[in-house]
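J.: PDB, C-alpha atoms, file target-v8.pdb:
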ATOM      1  CA  MET A   1       9.395  36.205 -26.070
ATOM      2  CA  LYS A   2       9.412  35.608 -29.850
ATOM      3  CA  GLU A   3      12.315  33.271 -29.412
ATOM      4  CA  GLU A   4      10.344  31.537 -26.659
ATOM      5  CA  ASN A   5       7.541  30.555 -29.018
ATOM      6  CA  LYS A   6       9.925  29.420 -31.729
ATOM      7  CA  ASN A   7      11.248  27.106 -29.054
ATOM      8  CA  PHE A   8       7.669  26.191 -28.078
ATOM      9  CA  LYS A   9       6.730  25.245 -31.635
ATOM     10  CA  ALA A  10       9.969  23.400 -32.238
ATOM     11  CA  GLN A  11       9.676  21.582 -28.932
ATOM     12  CA  THR A  12       6.070  20.542 -29.616
ATOM     13  CA  LEU A  13       7.069  19.228 -33.046
ATOM     14  CA  ARG A  14      10.049  17.408 -31.565
ATOM     15  CA  ASN A  15       7.940  15.865 -28.792
ATOM     16  CA  THR A  16       5.247  14.788 -31.290
ATOM     17  CA  LYS A  17       7.826  13.131 -33.542
ATOM     18  CA  ASN A  18       9.478  11.513 -30.539
ATOM     19  CA  LEU A  19       6.130  10.099 -29.368
ATOM     20  CA  SER A  20       5.294   8.793 -32.860
ATOM     21  CA  TYR A  21       8.674   6.995 -33.078
ATOM     22  CA  TRP A  22       8.186   5.366 -29.671
ATOM     23  CA  THR A  23       4.609   4.364 -30.595
ATOM     24  CA  MET A  24       5.726   2.815 -33.884
ATOM     25  CA  ALA A  25       8.519   0.960 -32.084
ATOM     26  CA  TRP A  26       6.057  -0.305 -29.459
ATOM     27  CA  VAL A  27       3.612  -1.541 -32.136
ATOM     28  CA  ALA A  28       6.512  -3.267 -33.947
ATOM     29  CA  THR A  29       7.722  -5.024 -30.776
ATOM     30  CA  MET A  30       4.133  -5.985 -29.970
ATOM     31  CA  ALA A  31       3.801  -7.554 -33.450
ATOM     32  CA  VAL A  32       7.085  -9.442 -33.002
ATOM     33  CA  ALA A  33       6.054 -10.698 -29.537
ATOM     34  CA  SER A  34       2.600 -11.704 -30.856
ATOM     35  CA  PHE A  35       3.514 -13.398 -34.137
ATOM     36  CA  GLY A  36       7.139 -14.406 -33.477
ATOM     37  CA  PRO A  37       6.322 -17.550 -31.460
ATOM     38  CA  GLU A  38       4.197 -18.988 -34.271
ATOM     39  CA  PHE A  39       6.077 -17.830 -37.352
ATOM     40  CA  ILE A  40       9.720 -17.298 -36.320
ATOM     41  CA  TRP A  41      10.945 -19.216 -33.237
ATOM     42  CA  ASP A  42       8.395 -22.022 -32.808
ATOM     43  CA  TYR A  43       7.272 -21.102 -29.295
ATOM     44  CA  ASP A  44      10.782 -21.123 -27.783
ATOM     45  CA  LYS A  45      10.179 -19.654 -24.305
ATOM     46  CA  VAL A  46      13.530 -17.859 -24.138
ATOM     47  CA  TYR A  47      12.895 -15.915 -27.359
ATOM     48  CA  SER A  48       9.296 -15.249 -26.348
ATOM     49  CA  GLY A  49      10.480 -13.923 -22.975
ATOM     50  CA  ILE A  50      13.049 -11.661 -24.637
ATOM     51  CA  ALA A  51      10.429 -10.363 -27.105
ATOM     52  CA  ILE A  52       7.935  -9.634 -24.321
ATOM     53  CA  GLY A  53      10.636  -7.979 -22.190
ATOM     54  CA  LEU A  54      11.635  -5.800 -25.135
ATOM     55  CA  ASN A  55       7.963  -4.910 -25.682
ATOM     56  CA  ILE A  56       7.611  -3.856 -22.042
ATOM     57  CA  ALA A  57      10.835  -1.807 -22.161
ATOM     58  CA  VAL A  58       9.756   0.023 -25.324
ATOM     59  CA  GLY A  59       6.279   0.448 -23.805
ATOM     60  CA  ILE A  60       7.821   2.234 -20.819
ATOM     61  CA  GLY A  61       9.705   4.481 -23.258
ATOM     62  CA  MET A  62       6.424   5.240 -25.032
ATOM     63  CA  ILE A  63       4.714   6.145 -21.737
ATOM     64  CA  LEU A  64       7.544   8.538 -20.844
ATOM     65  CA  ALA A  65       7.463  10.031 -24.345
ATOM     66  CA  ASN A  66       3.709  10.604 -23.972
ATOM     67  CA  ARG A  67       4.271  12.316 -20.621
ATOM     68  CA  LYS A  68       6.939  14.551 -22.155
ATOM     69  CA  PHE A  69       4.569  15.353 -25.046
ATOM     70  CA  LEU A  70       1.786  16.383 -22.632
ATOM     71  CA  LEU A  71       4.091  18.501 -20.469
ATOM     72  CA  GLY A  72       5.351  20.273 -23.594
ATOM     73  CA  LEU A  73       1.878  21.423 -24.684
ATOM     74  CA  ASP A  74       0.491  24.832 -23.758
ATOM     75  CA  GLU A  75      -2.135  25.064 -21.014
ATOM     76  CA  LEU A  76      -5.228  24.879 -23.243
ATOM     77  CA  GLN A  77      -3.884  21.987 -25.318
ATOM     78  CA  ARG A  78      -2.975  20.156 -22.103
ATOM     79  CA  LYS A  79      -6.479  20.714 -20.718
ATOM     80  CA  ILE A  80      -8.006  19.321 -23.921
ATOM     81  CA  HIS A  81      -5.887  16.173 -23.669
ATOM     82  CA  MET A  82      -6.428  15.774 -19.917
ATOM     83  CA  ASP A  83     -10.227  16.020 -20.349
ATOM     84  CA  ALA A  84     -10.054  13.427 -23.134
ATOM     85  CA  MET A  85      -7.963  11.143 -20.923
ATOM     86  CA  ALA A  86     -10.468  11.435 -18.068
ATOM     87  CA  ILE A  87     -13.301  10.380 -20.383
ATOM     88  CA  ALA A  88     -11.222   7.580 -21.938
ATOM     89  CA  LEU A  89     -10.320   6.258 -18.469
ATOM     90  CA  GLY A  90     -13.982   6.258 -17.403
ATOM     91  CA  VAL A  91     -15.038   4.494 -20.586
ATOM     92  CA  ALA A  92     -12.219   1.954 -20.083
ATOM     93  CA  VAL A  93     -13.369   1.044 -16.564
ATOM     94  CA  VAL A  94     -17.129   1.043 -17.203
ATOM     95  CA  GLY A  95     -16.924  -0.356 -20.749
ATOM     96  CA  GLY A  96     -14.292  -2.946 -19.849
ATOM     97  CA  LEU A  97     -16.193  -4.364 -16.880
ATOM     98  CA  SER A  98     -19.508  -4.362 -18.777
ATOM     99  CA  TYR A  99     -17.823  -6.130 -21.684
ATOM    100  CA  SER A 100     -16.421  -8.709 -19.243
ATOM    101  CA  LEU A 101     -19.872  -9.218 -17.693
ATOM    102  CA  LEU A 102     -21.379  -9.781 -21.136
ATOM    103  CA  ASP A 103     -18.807 -12.548 -21.627
ATOM    104  CA  VAL A 104     -19.163 -14.114 -18.146
ATOM    105  CA  THR A 105     -22.967 -14.208 -18.339
ATOM    106  CA  ASN A 106     -22.780 -15.669 -21.881
ATOM    107  CA  ILE A 107     -24.835 -12.839 -23.366
ATOM    108  CA  ILE A 108     -22.203 -12.637 -26.099
ATOM    109  CA  SER A 109     -20.963 -15.872 -27.628
ATOM    110  CA  ALA A 110     -17.373 -14.720 -28.294
ATOM    111  CA  ASP A 111     -14.739 -14.276 -25.564
ATOM    112  CA  ALA A 112     -14.111 -10.708 -24.364
ATOM    113  CA  GLU A 113     -10.821  -9.670 -25.999
ATOM    114  CA  ILE A 114      -8.532  -6.989 -24.570
ATOM    115  CA  SER A 115      -7.966  -5.687 -28.110
ATOM    116  CA  GLY A 116     -11.628  -4.648 -28.271
ATOM    117  CA  LEU A 117     -11.176  -2.590 -25.118
ATOM    118  CA  VAL A 118      -7.980  -0.976 -26.428
ATOM    119  CA  ILE A 119      -9.767   0.049 -29.634
ATOM    120  CA  LEU A 120     -12.649   1.483 -27.578
ATOM    121  CA  ILE A 121     -10.242   3.519 -25.416
ATOM    122  CA  GLY A 122      -8.346   4.801 -28.460
ATOM    123  CA  LEU A 123     -11.490   5.856 -30.306
ATOM    124  CA  THR A 124     -12.934   7.500 -27.177
ATOM    125  CA  TYR A 125      -9.717   9.480 -26.669
ATOM    126  CA  LEU A 126      -9.605  10.533 -30.318
ATOM    127  CA  VAL A 127     -13.260  11.634 -30.443
ATOM    128  CA  SER A 128     -12.907  13.485 -27.119
ATOM    129  CA  VAL A 129      -9.854  15.416 -28.345
ATOM    130  CA  VAL A 130     -11.682  16.423 -31.544
ATOM    131  CA  ILE A 131     -14.845  17.513 -29.651
ATOM    132  CA  ASN A 132     -12.855  19.428 -27.002
ATOM    133  CA  SER A 133     -10.739  21.131 -29.667
ATOM    134  CA  LYS A 134     -13.886  22.282 -31.476
ATOM    135  CA  ARG A 135     -15.343  23.512 -28.170
ATOM    136  CA  TYR A 136     -12.419  25.898 -27.683
ATOM    137  CA  SER A 137     -12.057  27.026 -31.303
TER
ATOM    138  CA  MET B   1     -13.999  36.263 -16.927
ATOM    139  CA  LYS B   2     -14.132  39.183 -19.360
ATOM    140  CA  ASN B   3     -10.951  40.446 -20.947
ATOM    141  CA  ARG B   4      -9.666  43.238 -23.211
ATOM    142  CA  LEU B   5      -7.143  41.062 -25.003
ATOM    143  CA  LYS B   6      -8.613  41.571 -28.464
ATOM    144  CA  VAL B   7      -8.652  45.361 -28.017
ATOM    145  CA  LEU B   8      -5.085  45.440 -26.707
ATOM    146  CA  ARG B   9      -3.930  43.193 -29.532
ATOM    147  CA  ALA B  10      -5.560  45.534 -32.054
ATOM    148  CA  GLU B  11      -3.962  48.569 -30.372
ATOM    149  CA  HIS B  12      -0.572  46.909 -30.764
ATOM    150  CA  ASP B  13      -1.401  45.913 -34.357
ATOM    151  CA  MET B  14      -0.763  42.252 -33.697
ATOM    152  CA  THR B  15      -2.355  39.152 -35.191
ATOM    153  CA  GLN B  16      -3.426  36.273 -32.980
ATOM    154  CA  GLN B  17      -0.458  34.294 -34.263
ATOM    155  CA  GLN B  18       1.968  37.108 -33.438
ATOM    156  CA  LEU B  19       0.560  37.366 -29.940
ATOM    157  CA  ALA B  20       0.745  33.593 -29.547
ATOM    158  CA  ASP B  21       4.373  33.722 -30.721
ATOM    159  CA  ALA B  22       5.157  36.449 -28.212
ATOM    160  CA  LEU B  23       3.566  34.521 -25.329
ATOM    161  CA  GLY B  24       4.789  31.043 -26.193
ATOM    162  CA  VAL B  25       1.370  29.461 -26.681
ATOM    163  CA  SER B  26      -0.743  28.264 -29.617
ATOM    164  CA  ARG B  27      -2.986  30.569 -31.676
ATOM    165  CA  GLN B  28      -5.935  28.403 -30.594
ATOM    166  CA  THR B  29      -5.255  29.382 -26.979
ATOM    167  CA  ILE B  30      -5.255  33.117 -27.813
ATOM    168  CA  ASN B  31      -8.488  32.700 -29.762
ATOM    169  CA  ALA B  32     -10.161  30.792 -26.901
ATOM    170  CA  ILE B  33      -9.095  33.435 -24.348
ATOM    171  CA  GLU B  34     -10.326  36.300 -26.535
ATOM    172  CA  LYS B  35     -13.705  34.603 -26.940
ATOM    173  CA  GLY B  36     -13.942  34.040 -23.181
ATOM    174  CA  LYS B  37     -13.996  30.271 -23.608
ATOM    175  CA  PHE B  38     -10.802  29.717 -21.642
ATOM    176  CA  ASP B  39      -9.281  31.538 -18.679
ATOM    177  CA  PRO B  40      -5.469  31.682 -18.730
ATOM    178  CA  SER B  41      -3.266  30.606 -15.854
ATOM    179  CA  LEU B  42      -1.726  33.250 -13.599
ATOM    180  CA  PRO B  43       1.749  32.940 -15.225
ATOM    181  CA  LEU B  44       0.237  33.464 -18.695
ATOM    182  CA  ALA B  45      -1.823  36.419 -17.434
ATOM    183  CA  PHE B  46       1.391  37.959 -16.043
ATOM    184  CA  LYS B  47       3.131  37.463 -19.398
ATOM    185  CA  MET B  48       0.283  39.365 -21.069
ATOM    186  CA  SER B  49       0.535  42.037 -18.418
ATOM    187  CA  TYR B  50       4.262  42.536 -19.076
ATOM    188  CA  LEU B  51       3.808  42.397 -22.852
ATOM    189  CA  PHE B  52       1.107  45.072 -22.960
ATOM    190  CA  ASN B  53       2.521  46.999 -20.022
ATOM    191  CA  ARG B  54      -0.843  46.942 -18.234
ATOM    192  CA  SER B  55      -1.808  45.562 -14.865
ATOM    193  CA  ILE B  56      -3.676  42.256 -14.892
ATOM    194  CA  GLU B  57      -6.800  44.022 -13.595
ATOM    195  CA  ARG B  58      -6.754  46.253 -16.671
ATOM    196  CA  ILE B  59      -6.700  43.238 -18.963
ATOM    197  CA  PHE B  60      -9.018  40.864 -17.105
ATOM    198  CA  GLU B  61     -12.213  41.555 -15.235
ATOM    199  CA  TYR B  62     -13.693  38.956 -12.923
ATOM    200  CA  GLU B  63     -17.403  38.355 -13.180
ATOM    201  CA  GLU B  64     -19.535  35.932 -11.184
ATOM    202  CA  SER B  65     -20.529  32.850 -13.135
ATOM    203  CA  ALA B  66     -24.225  32.574 -13.961
ATOM    204  CA  SER B  67     -24.323  28.971 -12.692
TER
END
Once you've parsed the file, please lay out its structure as structure tokens.

T.:
Amino acid sequence: MKEENKNFKAQTLRNTKNLSYWTMAWVATMAVASFGPEFIWDYDKVYSGIAIGLNIAVGIGMILANRKFLLGLDELQRKIHMDAMAIALGVAVVGGLSYSLLDVTNIISADAEISGLVILIGLTYLVSVVINSKRYS
Amino acid sequence: MKNRLKVLRAEHDMTQQQLADALGVSRQTINAIEKGKFDPSLPLAFKMSYLFNRSIERIFEYEESAS
């Protein structure tokens, strides 16, 4: 069983690194697809399409890497992350629709941006993981 | 659920990390189980049973939740 946990630790480290590489690649392709049209290829639709397609492909790789990371955790760690995901999903739905309503009803002057929602989801997930980890420590 | 994991670990002169290593889980998981904050899955309970050569009932004791 000792060997088993060496494998467990090594696998967790490998999965974490793998997920970080995919995430960095996804952020890089997102930056290229976002800023490329204006600064590199002057809104050429072919290049923009290729950049967006590449971003989607790498995004799918990141999703699969995240799934592999979660499946590689032990049962308590997985529970902590699953609980955090449940809260983040709820906040995304409720927060996202409320944010949209604030925009539609002109209560806020600025347009509702998807980036604001993504930041909210990320922070909610992060805070939930920290709180859940403390709860079980 | 009450358990005798801490006692059994002490009897076998093991640290939480050594037990975690032997079971293929994190030290945090062992700590949470010992403190009664987390109930292990059946496969993990069986691993403990084999490791300490005790039946599951001699490691874990079910108790009705207060809620």

J.: If we count all atoms listed in the file and set the cut-off at 10 Å, which residues sit around A:Gln11, ignoring sequence neighbours fewer than 6 positions away in its own chain? Please answer as number ranges by chain.

T.: A: 5, 17, 69, 72-73

J.: Would you write out those residues with C-alpha atoms, as an mmCIF file, in the frame of the given file?

T.:
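Listed below is the output, part-v3.cif:
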data_model
loop_
_atom_site.group_PDB
_atom_site.id
_atom_site.type_symbol
_atom_site.label_atom_id
_atom_site.label_comp_id
_atom_site.auth_asym_id
_atom_site.auth_seq_id
_atom_site.Cartn_x
_atom_site.Cartn_y
_atom_site.Cartn_z
ATOM 1 C CA ASN A 5 7.541 30.555 -29.018
ATOM 2 C CA LYS A 17 7.826 13.131 -33.542
ATOM 3 C CA PHE A 69 4.569 15.353 -25.046
ATOM 4 C CA GLY A 72 5.351 20.273 -23.594
ATOM 5 C CA LEU A 73 1.878 21.423 -24.684
#

J.: Could you name the residues that touch B:Tyr62 at 8 Å or less, counting all atoms listed in the file, but leaving out those on the same chain fewer than 2 positions away, as a list in words?

T.: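 Listing them by chain and then by number gives Met1, Lys2, Phe60 and Glu64 of chain B.
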
J.: Let's have the selection written as a PDB file, keeping the file's coordinate frame, with C-alpha atoms.

T.:
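Result saved to part_15.pdb:
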ATOM      1  CA  MET B   1     -13.999  36.263 -16.927  1.00  0.00           C
ATOM      2  CA  LYS B   2     -14.132  39.183 -19.360  1.00  0.00           C
ATOM      3  CA  PHE B  60      -9.018  40.864 -17.105  1.00  0.00           C
ATOM      4  CA  GLU B  64     -19.535  35.932 -11.184  1.00  0.00           C
TER       5      GLU B  64
END

J.: Suppose a student applies the PyMOL selection byres ((chain A and resi 119-125) around 12) to this structure; what residues should they get, written as a PyMOL selection string?

T.: chain A and resi 80-96+99+113-118+126-132

J.: Using the chain letters and residue numbers of this document, give as an mmCIF file with C-alpha atoms, keeping the file's coordinate frame the residues selected by the PyMOL selection byres ((chain A and resi 23-29) around 7).

T.:
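Once everything was written out, this is selection-v7.cif:
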data_model
loop_
_atom_site.group_PDB
_atom_site.id
_atom_site.type_symbol
_atom_site.label_atom_id
_atom_site.label_comp_id
_atom_site.auth_asym_id
_atom_site.auth_seq_id
_atom_site.Cartn_x
_atom_site.Cartn_y
_atom_site.Cartn_z
ATOM 1 C CA LEU A 19 6.130 10.099 -29.368
ATOM 2 C CA SER A 20 5.294 8.793 -32.860
ATOM 3 C CA TYR A 21 8.674 6.995 -33.078
ATOM 4 C CA TRP A 22 8.186 5.366 -29.671
ATOM 5 C CA MET A 30 4.133 -5.985 -29.970
ATOM 6 C CA ALA A 31 3.801 -7.554 -33.450
ATOM 7 C CA VAL A 32 7.085 -9.442 -33.002
ATOM 8 C CA ALA A 33 6.054 -10.698 -29.537
ATOM 9 C CA LEU A 54 11.635 -5.800 -25.135
ATOM 10 C CA ASN A 55 7.963 -4.910 -25.682
ATOM 11 C CA VAL A 58 9.756 0.023 -25.324
ATOM 12 C CA GLY A 59 6.279 0.448 -23.805
ATOM 13 C CA MET A 62 6.424 5.240 -25.032
#

J.: Pull out every residue of chain B that has at least one atom within 7 Å of chain A, counting only C-alpha atoms, and report them as an mmCIF file with C-alpha atoms, in the frame of the given file.

T.:
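What follows is the written file iface21.cif:
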data_model
loop_
_atom_site.group_PDB
_atom_site.id
_atom_site.type_symbol
_atom_site.label_atom_id
_atom_site.label_comp_id
_atom_site.auth_asym_id
_atom_site.auth_seq_id
_atom_site.Cartn_x
_atom_site.Cartn_y
_atom_site.Cartn_z
ATOM 1 C CA ASP B 21 4.373 33.722 -30.721
ATOM 2 C CA ALA B 22 5.157 36.449 -28.212
ATOM 3 C CA LEU B 23 3.566 34.521 -25.329
ATOM 4 C CA GLY B 24 4.789 31.043 -26.193
ATOM 5 C CA VAL B 25 1.370 29.461 -26.681
ATOM 6 C CA SER B 26 -0.743 28.264 -29.617
ATOM 7 C CA GLN B 28 -5.935 28.403 -30.594
ATOM 8 C CA THR B 29 -5.255 29.382 -26.979
ATOM 9 C CA ASN B 31 -8.488 32.700 -29.762
ATOM 10 C CA ALA B 32 -10.161 30.792 -26.901
ATOM 11 C CA LYS B 37 -13.996 30.271 -23.608
#

J.: What separation in Å, quoted to one decimal, exists between atom CA of B:Glu61 and atom CA of A:Arg78?

T.: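 Those two atoms sit 24.3 Å apart.
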
J.: Within 12 Å of stretch 9-12 of chain B, counting all atoms listed in the file, which residues show up once you throw out same-chain ones fewer than 5 positions away? Write them as a ChimeraX atom specification, please.

T.: /B:3-4,17-20,22,30-31,34,48,51-53,59
